[in-house]
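Structure below is upload15.tsv: TSV, C-alpha atoms.
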```tsv
chain	number	residue	atom	x	y	z
D	1	MET	CA	-97.16	-68.98	-32.52
D	2	ILE	CA	-100.65	-68.55	-33.98
D	3	PRO	CA	-103.16	-71.14	-32.68
D	4	HIS	CA	-104.54	-73.74	-35.05
D	5	ALA	CA	-108.05	-74.07	-33.60
D	6	PRO	CA	-110.76	-73.54	-36.22
D	7	ARG	CA	-113.49	-73.31	-33.54
D	8	LEU	CA	-111.73	-70.45	-31.80
D	9	LEU	CA	-111.28	-68.81	-35.17
D	10	LEU	CA	-114.97	-69.04	-35.99
D	11	GLY	CA	-115.83	-67.49	-32.63
D	12	ALA	CA	-113.50	-64.60	-33.30
D	13	LEU	CA	-114.99	-64.09	-36.74
D	14	ALA	CA	-118.49	-64.05	-35.26
D	15	LEU	CA	-117.51	-61.25	-32.87
D	16	PHE	CA	-115.97	-59.33	-35.76
D	17	ILE	CA	-119.17	-59.72	-37.79
D	18	LEU	CA	-121.36	-58.53	-34.92
D	19	ALA	CA	-119.14	-55.49	-34.46
D	20	GLY	CA	-119.44	-54.75	-38.17
D	21	CYS	CA	-123.21	-55.04	-38.06
D	22	ALA	CA	-123.42	-52.57	-35.20
D	23	SER	CA	-121.28	-50.00	-37.01
D	24	THR	CA	-123.29	-50.38	-40.23
D	25	ARG	CA	-126.59	-49.57	-38.51
D	26	THR	CA	-125.36	-46.13	-37.43
D	27	HIS	CA	-124.13	-45.10	-40.89
D	28	ARG	CA	-126.24	-42.90	-43.13
D	29	PRO	CA	-125.95	-43.49	-46.90
D	30	SER	CA	-124.20	-40.70	-48.77
D	31	ASP	CA	-125.93	-41.15	-52.13
D	32	ASP	CA	-128.58	-43.14	-54.00
D	33	SER	CA	-126.19	-45.92	-55.04
D	34	GLU	CA	-125.22	-46.62	-51.45
D	35	ARG	CA	-128.83	-46.25	-50.27
D	36	GLN	CA	-130.10	-48.75	-52.85
D	37	ALA	CA	-127.30	-51.22	-52.15
D	38	LEU	CA	-127.95	-51.07	-48.41
D	39	ALA	CA	-131.68	-51.54	-48.93
D	40	ALA	CA	-131.01	-54.62	-51.04
D	41	THR	CA	-129.09	-56.27	-48.18
D	42	ALA	CA	-132.38	-56.63	-46.31
D	43	ASP	CA	-132.92	-59.87	-48.27
D	44	GLY	CA	-130.07	-61.47	-46.33
D	45	GLN	CA	-128.54	-62.93	-49.48
D	46	PHE	CA	-124.85	-63.39	-50.15
D	47	ASP	CA	-124.92	-61.48	-53.45
D	48	SER	CA	-126.42	-58.41	-51.81
D	49	ALA	CA	-123.84	-58.36	-49.02
D	50	LEU	CA	-121.01	-58.87	-51.51
D	51	ARG	CA	-122.31	-56.04	-53.67
D	52	MET	CA	-122.17	-53.79	-50.61
D	53	ALA	CA	-118.60	-54.92	-49.85
D	54	ARG	CA	-117.49	-54.21	-53.39
D	55	LEU	CA	-119.17	-50.81	-53.43
D	56	TYR	CA	-117.34	-49.73	-50.28
D	57	ARG	CA	-114.10	-51.24	-51.55
D	58	SER	CA	-114.36	-49.25	-54.78
D	59	ARG	CA	-114.73	-46.12	-52.64
D	60	ASN	CA	-111.73	-46.96	-50.45
D	61	ASP	CA	-114.07	-47.25	-47.47
D	62	PRO	CA	-112.99	-49.65	-44.70
D	63	ARG	CA	-116.62	-50.62	-44.11
D	64	ALA	CA	-115.96	-53.02	-46.99
D	65	LEU	CA	-114.35	-55.34	-44.43
D	66	ASP	CA	-117.57	-55.51	-42.41
D	67	TRP	CA	-119.51	-56.52	-45.48
D	68	TYR	CA	-117.01	-59.10	-46.65
D	69	ALA	CA	-117.33	-60.64	-43.19
D	70	ARG	CA	-121.12	-60.57	-43.34
D	71	ALA	CA	-121.16	-62.09	-46.82
D	72	ALA	CA	-118.79	-64.87	-45.77
D	73	ALA	CA	-121.03	-65.80	-42.85
D	74	ILE	CA	-124.23	-66.21	-44.89
D	75	PRO	CA	-125.10	-69.90	-45.36
D	76	PRO	CA	-124.68	-72.13	-47.20
D	77	ARG	CA	-120.90	-72.24	-47.45
D	78	THR	CA	-119.83	-72.06	-51.09
D	79	HIS	CA	-116.77	-71.13	-53.09
D	80	HIS	CA	-118.17	-67.57	-53.07
D	81	SER	CA	-118.10	-67.30	-49.26
D	82	ALA	CA	-114.61	-68.82	-49.10
D	83	SER	CA	-113.53	-66.27	-51.71
D	84	ALA	CA	-114.95	-63.47	-49.56
D	85	GLU	CA	-112.87	-64.72	-46.64
D	86	GLU	CA	-109.76	-64.91	-48.78
D	87	GLN	CA	-110.35	-61.39	-50.13
D	88	HIS	CA	-110.80	-60.13	-46.59
D	89	GLY	CA	-107.43	-61.61	-45.68
D	90	THR	CA	-105.76	-60.07	-48.72
D	91	ILE	CA	-107.03	-56.60	-47.83
D	92	LEU	CA	-105.85	-56.92	-44.23
D	93	GLU	CA	-102.42	-58.22	-45.19
D	94	ARG	CA	-101.81	-55.49	-47.75
D	95	GLY	CA	-103.38	-52.73	-45.67
D	96	ARG	CA	-105.18	-51.31	-48.67
D	97	LEU	CA	-108.52	-51.79	-50.37
D	98	ASP	CA	-107.39	-51.33	-53.96
D	99	SER	CA	-105.42	-53.89	-55.93
D	100	GLY	CA	-102.58	-51.60	-56.95
D	101	ASP	CA	-98.91	-52.02	-56.13
D	102	ALA	CA	-97.75	-48.39	-56.32
D	103	PRO	CA	-97.38	-46.53	-53.00
D	104	GLN	CA	-100.65	-45.05	-51.80
D	105	GLU	CA	-101.08	-41.32	-51.52
D	106	PRO	CA	-101.35	-40.24	-47.88
D	107	GLY	CA	-104.99	-39.28	-48.28
D	108	HIS	CA	-105.87	-42.75	-49.55
D	109	VAL	CA	-104.45	-44.68	-46.61
D	110	VAL	CA	-107.38	-45.86	-44.49
D	111	LEU	CA	-106.05	-49.18	-43.17
D	112	LYS	CA	-102.94	-50.48	-41.48
D	113	PRO	CA	-101.60	-53.86	-42.58
D	114	SER	CA	-102.52	-56.61	-40.13
D	115	PRO	CA	-100.78	-59.86	-41.13
D	116	ARG	CA	-102.00	-61.74	-38.05
D	117	LYS	CA	-105.65	-60.91	-38.73
D	118	ALA	CA	-105.07	-61.74	-42.40
D	119	TYR	CA	-103.73	-65.14	-41.36
D	120	ARG	CA	-106.94	-65.95	-39.52
D	121	TRP	CA	-109.05	-65.12	-42.55
D	122	TYR	CA	-106.77	-67.08	-44.89
D	123	ARG	CA	-106.96	-70.04	-42.54
D	124	SER	CA	-110.75	-69.89	-42.33
D	125	ALA	CA	-110.96	-69.74	-46.13
D	126	ALA	CA	-108.54	-72.67	-46.49
D	127	TYR	CA	-110.59	-74.78	-44.08
D	128	HIS	CA	-113.64	-74.03	-46.17
D	129	GLY	CA	-111.81	-75.30	-49.26
D	130	SER	CA	-110.23	-72.27	-50.96
D	131	PRO	CA	-107.14	-73.29	-52.99
D	132	TYR	CA	-106.19	-69.61	-53.21
D	133	ALA	CA	-106.08	-69.42	-49.42
D	134	MET	CA	-103.90	-72.56	-49.33
D	135	ALA	CA	-101.41	-70.76	-51.57
D	136	ASP	CA	-101.73	-67.58	-49.47
D	137	LEU	CA	-100.88	-69.53	-46.32
D	138	GLY	CA	-97.86	-71.14	-47.95
D	139	ARG	CA	-96.54	-67.71	-48.89
D	140	TRP	CA	-97.51	-66.20	-45.50
D	141	HIS	CA	-95.44	-68.79	-43.61
D	142	ALA	CA	-92.55	-68.58	-46.07
D	143	ASP	CA	-92.37	-64.80	-45.70
D	144	ARG	CA	-91.90	-65.32	-41.95
D	145	GLY	CA	-89.28	-68.03	-42.24
D	146	ASP	CA	-91.60	-70.80	-41.03
D	147	MET	CA	-90.53	-73.72	-43.21
D	148	ALA	CA	-92.89	-76.21	-41.58
D	149	GLY	CA	-95.94	-74.03	-42.22
D	150	ALA	CA	-94.79	-73.14	-45.72
D	151	LEU	CA	-94.23	-76.80	-46.58
D	152	ARG	CA	-97.60	-77.83	-45.15
D	153	TRP	CA	-99.64	-75.46	-47.25
D	154	ARG	CA	-97.48	-75.79	-50.35
D	155	MET	CA	-98.05	-79.56	-50.23
D	156	ARG	CA	-101.79	-79.26	-49.65
D	157	HIS	CA	-102.16	-76.92	-52.58
D	158	ALA	CA	-100.06	-79.26	-54.73
D	159	VAL	CA	-102.12	-82.35	-53.77
D	160	TYR	CA	-105.37	-80.66	-54.72
D	161	MET	CA	-103.98	-79.12	-57.93
D	162	ARG	CA	-102.23	-82.34	-59.01
D	163	GLU	CA	-98.99	-80.37	-58.99
D	164	LEU	CA	-96.79	-82.60	-56.87
D	165	TYR	CA	-94.25	-82.49	-59.69
D	166	LYS	CA	-93.59	-78.87	-58.71
D	167	LEU	CA	-92.11	-80.15	-55.44
D	168	ALA	CA	-89.35	-81.95	-57.36
D	169	PRO	CA	-86.65	-79.42	-56.33
D	170	LEU	CA	-87.32	-80.32	-52.70
D	171	ARG	CA	-86.70	-84.01	-53.35
D	172	ALA	CA	-83.10	-83.13	-54.15
D	173	ALA	CA	-82.75	-80.74	-51.22
D	174	ALA	CA	-80.60	-83.13	-49.19
D	175	GLY	CA	-77.55	-82.00	-51.15
D	176	GLU	CA	-78.38	-78.49	-52.28
D	177	PRO	CA	-80.61	-75.67	-51.11
D	178	ALA	CA	-84.15	-75.58	-52.47
D	179	SER	CA	-87.14	-73.28	-52.16
D	180	VAL	CA	-90.63	-73.53	-50.68
D	181	GLY	CA	-92.30	-70.42	-52.01
D	182	ARG	CA	-89.94	-67.60	-51.06
D	183	LEU	CA	-88.29	-69.63	-48.31
D	184	ARG	CA	-84.87	-71.17	-48.94
D	185	LEU	CA	-84.18	-74.55	-47.33
D	186	ASP	CA	-81.08	-76.64	-47.03
D	187	GLY	CA	-81.08	-80.41	-46.75
D	188	PRO	CA	-80.58	-80.71	-42.98
D	189	SER	CA	-83.33	-78.20	-42.17
D	190	LEU	CA	-85.80	-79.90	-44.52
D	191	ASN	CA	-84.95	-83.30	-43.09
D	192	ALA	CA	-85.50	-81.93	-39.58
D	193	VAL	CA	-88.96	-80.71	-40.56
D	194	ILE	CA	-89.83	-84.10	-42.07
D	195	ALA	CA	-88.57	-85.91	-38.97
D	196	ARG	CA	-90.75	-83.73	-36.76
D	197	ILE	CA	-93.77	-84.41	-38.97
D	198	GLN	CA	-93.15	-88.16	-38.61
D	199	ARG	CA	-92.84	-87.91	-34.83
D	200	ASP	CA	-95.97	-85.80	-34.45
D	201	ALA	CA	-97.96	-88.03	-36.79
D	202	ALA	CA	-96.97	-91.13	-34.84
D	203	ARG	CA	-98.14	-89.40	-31.65
D	204	GLY	CA	-101.58	-88.84	-33.17
D	205	ASP	CA	-101.41	-85.22	-34.37
D	206	ALA	CA	-104.01	-85.13	-37.14
D	207	GLU	CA	-102.48	-82.15	-38.96
D	208	ALA	CA	-99.08	-83.88	-39.00
D	209	GLN	CA	-100.75	-87.06	-40.25
D	210	VAL	CA	-102.10	-85.13	-43.23
D	211	ASP	CA	-98.63	-83.70	-43.80
D	212	LEU	CA	-97.05	-87.16	-43.66
D	213	GLY	CA	-99.63	-88.46	-46.11
D	214	ALA	CA	-98.75	-85.64	-48.50
D	215	LEU	CA	-95.03	-86.40	-48.09
D	216	HIS	CA	-95.67	-90.02	-49.09
D	217	GLU	CA	-97.85	-88.96	-52.01
D	218	ALA	CA	-95.08	-86.64	-53.22
D	219	GLY	CA	-92.22	-88.99	-52.36
D	220	LEU	CA	-90.60	-86.12	-50.48
D	221	GLY	CA	-88.12	-87.34	-47.87
D	222	VAL	CA	-90.02	-90.63	-47.54
D	223	ALA	CA	-90.96	-93.44	-49.91
D	224	GLU	CA	-93.42	-92.43	-52.63
D	225	ASP	CA	-96.42	-94.59	-51.78
D	226	THR	CA	-100.01	-93.48	-52.38
D	227	ALA	CA	-101.41	-96.40	-50.40
D	228	GLU	CA	-99.36	-95.32	-47.39
D	229	ALA	CA	-100.44	-91.73	-47.98
D	230	LEU	CA	-104.05	-92.88	-47.90
D	231	ARG	CA	-103.53	-94.65	-44.58
D	232	TRP	CA	-102.26	-91.44	-43.00
D	233	TYR	CA	-105.05	-89.37	-44.54
D	234	GLN	CA	-107.59	-91.82	-43.17
D	235	ARG	CA	-106.07	-91.69	-39.70
D	236	ALA	CA	-106.36	-87.90	-39.72
D	237	GLY	CA	-109.84	-88.04	-41.21
D	238	ALA	CA	-111.01	-90.46	-38.55
D	239	GLN	CA	-110.11	-87.78	-35.99
D	240	GLY	CA	-112.30	-85.29	-37.81
D	241	ASN	CA	-109.57	-83.48	-39.72
D	242	VAL	CA	-111.20	-82.08	-42.85
D	243	TYR	CA	-108.05	-82.27	-44.96
D	244	GLY	CA	-107.55	-85.89	-43.97
D	245	GLN	CA	-111.11	-86.61	-45.07
D	246	TYR	CA	-110.84	-84.69	-48.32
D	247	PHE	CA	-107.44	-86.06	-49.31
D	248	ALA	CA	-108.55	-89.59	-48.48
D	249	GLY	CA	-111.40	-89.01	-50.91
D	250	LEU	CA	-109.02	-87.69	-53.57
D	251	ALA	CA	-106.61	-90.62	-53.18
D	252	LEU	CA	-109.41	-93.19	-53.42
D	253	GLY	CA	-111.21	-91.37	-56.19
D	254	ARG	CA	-108.14	-90.85	-58.35
D	255	GLY	CA	-106.41	-94.17	-57.68
D	256	SER	CA	-102.79	-94.66	-58.67
D	257	LYS	CA	-100.13	-97.26	-59.13
D	258	GLY	CA	-100.57	-99.54	-56.13
D	259	LEU	CA	-103.94	-98.11	-55.16
D	260	GLN	CA	-107.16	-99.19	-56.85
D	261	ALA	CA	-109.69	-96.41	-57.38
D	262	ASP	CA	-112.87	-96.77	-55.31
D	263	VAL	CA	-115.32	-93.97	-56.03
D	264	ASP	CA	-117.93	-95.19	-53.54
D	265	ALA	CA	-115.40	-95.18	-50.71
D	266	ALA	CA	-114.16	-91.79	-51.88
D	267	ALA	CA	-117.69	-90.40	-51.80
D	268	ALA	CA	-118.06	-91.41	-48.15
D	269	TRP	CA	-114.94	-89.44	-47.19
D	270	PHE	CA	-116.02	-86.44	-49.27
D	271	ALA	CA	-119.40	-86.48	-47.50
D	272	GLN	CA	-117.65	-86.13	-44.14
D	273	ALA	CA	-115.59	-83.20	-45.40
D	274	GLN	CA	-118.66	-81.54	-46.90
D	275	ALA	CA	-120.40	-81.80	-43.53
D	276	GLN	CA	-117.64	-79.50	-42.23
D	277	GLN	CA	-118.50	-76.90	-44.89
D	278	PHE	CA	-115.51	-77.73	-47.08
D	279	TYR	CA	-116.95	-76.68	-50.42
D	280	LEU	CA	-114.48	-78.65	-52.57
D	281	ALA	CA	-116.06	-81.79	-51.12
D	282	GLU	CA	-119.39	-81.07	-52.81
D	283	GLU	CA	-120.05	-83.66	-55.50
D	284	ALA	CA	-119.90	-81.21	-58.39
D	285	TYR	CA	-116.36	-80.29	-57.35
D	286	TRP	CA	-114.95	-83.66	-56.31
D	287	ARG	CA	-116.18	-85.34	-59.49
D	288	LYS	CA	-114.01	-82.92	-61.45
D	289	ALA	CA	-111.12	-83.27	-59.02
D	290	ILE	CA	-110.92	-87.07	-59.43
D	291	ALA	CA	-111.48	-87.11	-63.19
D	292	PRO	CA	-108.38	-88.23	-65.14
D	293	PRO	CA	-106.30	-85.26	-66.29
D	294	PHE	CA	-106.07	-84.65	-69.97
D	295	PHE	CA	-103.64	-82.76	-72.13
D	296	ILE	CA	-104.11	-80.99	-75.45
D	297	PHE	CA	-101.21	-81.01	-77.87
D	298	GLU	CA	-101.23	-78.62	-80.80
```
Please, can you express the file's structure as structure tokens?
Amino acid sequence: MIPHAPRLLLGALALFILAGCASTRTHRPSDDSERQALAATADGQFDSALRMARLYRSRNDPRALDWYARAAAIPPRTHHSASAEEQHGTILERGRLDSGDAPQEPGHVVLKPSPRKAYRWYRSAAYHGSPYAMADLGRWHADRGDMAGALRWRMRHAVYMRELYKLAPLRAAAGEPASVGRLRLDGPSLNAVIARIQRDAARGDAEAQVDLGALHEAGLGVAEDTAEALRWYQRAGAQGNVYGQYFAGLALGRGSKGLQADVDAAAAWFAQAQAQQFYLAEEAYWRKAIAPPFFIFE
């Protein structure tokens, strides 16, 4: 079972970054393009580090991973740094630097797939706000038959994206099998997962409290009740859980039937999430996230 401790994760990433820095110092540039790109990184800016990562990636050079790590660590945390983390995870999971799907030629293979390392980068990106990493984690858990993990991240992605309607097949799962990503569930197994979430939430597990809030927001296995969802999000947020804080802000900012919108209260929750470097909680992002959806009919 992979640990769920963001602080331990950040420590591991720091060691990885330091190791990458040490290896970079001993490398001599092979041409002017590499020499100029390396010289530009002296400014310590994200764009320069990312340019270096992309250059090495285009050359199928595993040093790209070092530079993605360095770019991701440069403050402030933004959607760009979360994207660098997510890209790092994608490379490690696939075991290749290109984006192709055809088998690699033997001479092009420079990495071995490392799903466990990929998981840590996906998780770091998700806890910095990346919706892509949320989807990656849902798929990652589904591919390994972990229905609880797959459901957690599928729900979190759906809450942010306003795509709870896509969970509709699961609402009918009590009678027939349904899918969470690539994972097939039957009614009893889904109900067992929901029961465990309820037990863990009642015992004070903040992650389970977020999950239970999402279940209530989706009406999945429990009563659909946004006000009740908010209460669970707030309980998790009060413990410092960044998803509890962010989803409490979304629920209050969006409002719903039975829950009056309160943008000022939402802003206070978003501020707590932003303090944990969750970029979606920056005002420019949350204002868009709570704005009423609109549809264009042609």
Could you tell me how far CA of Pro62 in chain D lies from CA of Trp153 in chain D, in Å and to one decimal?
->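 Result for CA of Pro62 in chain D versus CA of Trp153 in chain D: 29.2 Å, one decimal.
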Skipping near chain neighbours, those fewer than 3 positions away, what residues fall within 9 Å of Arg154 in chain D using all atoms listed in the file, listed as a ChimeraX atom specification?
-> /D:134-135,137-139,149-151,157-159,167,180-181
D:Lys117, D:His108, D:Arg162, D:His79: which is nearest Leu280 in chain D, counting all atoms listed in the file?
->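 Closest candidate: D:His79.
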Hey, can you check how far CA of Ala126 in chain D sits from CA of His80 in chain D?
-> 12.7 Å
How many Å lie between CA of Gly95 in chain D and CA of Ser124 in chain D, rounded to one decimal?
-> 19.0 Å
For Asn60 in chain D, the nearest of the candidates D:Glu163, D:Asp98, D:Asp200, D:Glu228, counting only C-alpha atoms |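 Residue with the minimum atom-to-atom distance to Asn60 in chain D: D:Asp98.
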May I have the residues within 8 Å of Glu282 in chain D as a PyMOL selection string, using all atoms listed in the file and disregarding those fewer than 6 positions away in the same chain?
-> chain D and resi 270-271+274
For Ala69 in chain D, which of D:Arg287, D:His141, D:Lys166, D:His88 is the closest residue, counting only C-alpha atoms?
->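 Among D:Arg287, D:His141, D:Lys166, D:His88, it is D:His88 that comes nearest to Ala69 in chain D.
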Fill-in result for range 208-226 of chain D, N, CA, C and O atoms as a PDB file, in the coordinates of the input:
```pdb
ATOM      1  N   ALA D 208    -100.343 -83.258 -38.578  1.00  0.00           N
ATOM      2  CA  ALA D 208     -99.080 -83.880 -39.000  1.00  0.00           C
ATOM      3  C   ALA D 208     -99.344 -85.146 -39.800  1.00  0.00           C
ATOM      4  O   ALA D 208     -98.581 -85.472 -40.724  1.00  0.00           O
ATOM      5  N   GLN D 209    -100.411 -85.864 -39.482  1.00  0.00           N
ATOM      6  CA  GLN D 209    -100.750 -87.060 -40.250  1.00  0.00           C
ATOM      7  C   GLN D 209    -101.113 -86.700 -41.689  1.00  0.00           C
ATOM      8  O   GLN D 209    -100.727 -87.403 -42.628  1.00  0.00           O
ATOM      9  N   VAL D 210    -101.822 -85.603 -41.869  1.00  0.00           N
ATOM     10  CA  VAL D 210    -102.100 -85.130 -43.230  1.00  0.00           C
ATOM     11  C   VAL D 210    -100.800 -84.771 -43.932  1.00  0.00           C
ATOM     12  O   VAL D 210    -100.571 -85.126 -45.096  1.00  0.00           O
ATOM     13  N   ASP D 211     -99.917 -84.079 -43.210  1.00  0.00           N
ATOM     14  CA  ASP D 211     -98.630 -83.700 -43.800  1.00  0.00           C
ATOM     15  C   ASP D 211     -97.828 -84.930 -44.208  1.00  0.00           C
ATOM     16  O   ASP D 211     -97.219 -84.959 -45.289  1.00  0.00           O
ATOM     17  N   LEU D 212     -97.816 -85.952 -43.352  1.00  0.00           N
ATOM     18  CA  LEU D 212     -97.050 -87.160 -43.660  1.00  0.00           C
ATOM     19  C   LEU D 212     -97.664 -87.886 -44.858  1.00  0.00           C
ATOM     20  O   LEU D 212     -96.945 -88.408 -45.722  1.00  0.00           O
ATOM     21  N   GLY D 213     -98.986 -87.875 -44.933  1.00  0.00           N
ATOM     22  CA  GLY D 213     -99.630 -88.460 -46.110  1.00  0.00           C
ATOM     23  C   GLY D 213     -99.210 -87.744 -47.378  1.00  0.00           C
ATOM     24  O   GLY D 213     -98.905 -88.377 -48.396  1.00  0.00           O
ATOM     25  N   ALA D 214     -99.164 -86.414 -47.328  1.00  0.00           N
ATOM     26  CA  ALA D 214     -98.750 -85.640 -48.500  1.00  0.00           C
ATOM     27  C   ALA D 214     -97.289 -85.899 -48.851  1.00  0.00           C
ATOM     28  O   ALA D 214     -96.922 -85.965 -50.030  1.00  0.00           O
ATOM     29  N   LEU D 215     -96.436 -86.066 -47.829  1.00  0.00           N
ATOM     30  CA  LEU D 215     -95.030 -86.400 -48.090  1.00  0.00           C
ATOM     31  C   LEU D 215     -94.913 -87.726 -48.827  1.00  0.00           C
ATOM     32  O   LEU D 215     -94.122 -87.861 -49.770  1.00  0.00           O
ATOM     33  N   HIS D 216     -95.705 -88.720 -48.410  1.00  0.00           N
ATOM     34  CA  HIS D 216     -95.670 -90.020 -49.090  1.00  0.00           C
ATOM     35  C   HIS D 216     -96.240 -89.909 -50.507  1.00  0.00           C
ATOM     36  O   HIS D 216     -95.738 -90.545 -51.434  1.00  0.00           O
ATOM     37  N   GLU D 217     -97.274 -89.103 -50.669  1.00  0.00           N
ATOM     38  CA  GLU D 217     -97.850 -88.960 -52.010  1.00  0.00           C
ATOM     39  C   GLU D 217     -96.848 -88.287 -52.947  1.00  0.00           C
ATOM     40  O   GLU D 217     -96.775 -88.613 -54.138  1.00  0.00           O
ATOM     41  N   ALA D 218     -96.073 -87.355 -52.404  1.00  0.00           N
ATOM     42  CA  ALA D 218     -95.080 -86.640 -53.220  1.00  0.00           C
ATOM     43  C   ALA D 218     -93.753 -87.366 -53.297  1.00  0.00           C
ATOM     44  O   ALA D 218     -92.924 -87.042 -54.155  1.00  0.00           O
ATOM     45  N   GLY D 219     -93.526 -88.336 -52.411  1.00  0.00           N
ATOM     46  CA  GLY D 219     -92.220 -88.990 -52.360  1.00  0.00           C
ATOM     47  C   GLY D 219     -91.144 -88.027 -51.893  1.00  0.00           C
ATOM     48  O   GLY D 219     -90.013 -88.058 -52.366  1.00  0.00           O
ATOM     49  N   LEU D 220     -91.505 -87.165 -50.951  1.00  0.00           N
ATOM     50  CA  LEU D 220     -90.600 -86.120 -50.480  1.00  0.00           C
ATOM     51  C   LEU D 220     -90.018 -86.511 -49.123  1.00  0.00           C
ATOM     52  O   LEU D 220     -90.692 -86.448 -48.091  1.00  0.00           O
ATOM     53  N   GLY D 221     -88.783 -86.961 -49.115  1.00  0.00           N
ATOM     54  CA  GLY D 221     -88.120 -87.340 -47.870  1.00  0.00           C
ATOM     55  C   GLY D 221     -88.533 -88.690 -47.326  1.00  0.00           C
ATOM     56  O   GLY D 221     -87.957 -89.167 -46.346  1.00  0.00           O
ATOM     57  N   VAL D 222     -89.546 -89.301 -47.916  1.00  0.00           N
ATOM     58  CA  VAL D 222     -90.020 -90.630 -47.540  1.00  0.00           C
ATOM     59  C   VAL D 222     -90.349 -91.377 -48.832  1.00  0.00           C
ATOM     60  O   VAL D 222     -90.368 -90.787 -49.922  1.00  0.00           O
ATOM     61  N   ALA D 223     -90.639 -92.658 -48.718  1.00  0.00           N
ATOM     62  CA  ALA D 223     -90.960 -93.440 -49.910  1.00  0.00           C
ATOM     63  C   ALA D 223     -92.233 -92.927 -50.576  1.00  0.00           C
ATOM     64  O   ALA D 223     -93.213 -92.620 -49.898  1.00  0.00           O
ATOM     65  N   GLU D 224     -92.212 -92.810 -51.904  1.00  0.00           N
ATOM     66  CA  GLU D 224     -93.420 -92.430 -52.630  1.00  0.00           C
ATOM     67  C   GLU D 224     -94.370 -93.622 -52.628  1.00  0.00           C
ATOM     68  O   GLU D 224     -94.071 -94.680 -53.170  1.00  0.00           O
ATOM     69  N   ASP D 225     -95.519 -93.463 -51.988  1.00  0.00           N
ATOM     70  CA  ASP D 225     -96.420 -94.590 -51.780  1.00  0.00           C
ATOM     71  C   ASP D 225     -97.819 -94.034 -51.517  1.00  0.00           C
ATOM     72  O   ASP D 225     -98.128 -93.591 -50.403  1.00  0.00           O
ATOM     73  N   THR D 226     -98.679 -94.055 -52.536  1.00  0.00           N
ATOM     74  CA  THR D 226    -100.010 -93.480 -52.380  1.00  0.00           C
ATOM     75  C   THR D 226    -100.860 -94.273 -51.408  1.00  0.00           C
ATOM     76  O   THR D 226    -101.692 -93.701 -50.691  1.00  0.00           O
TER      77      THR D 226
END
```
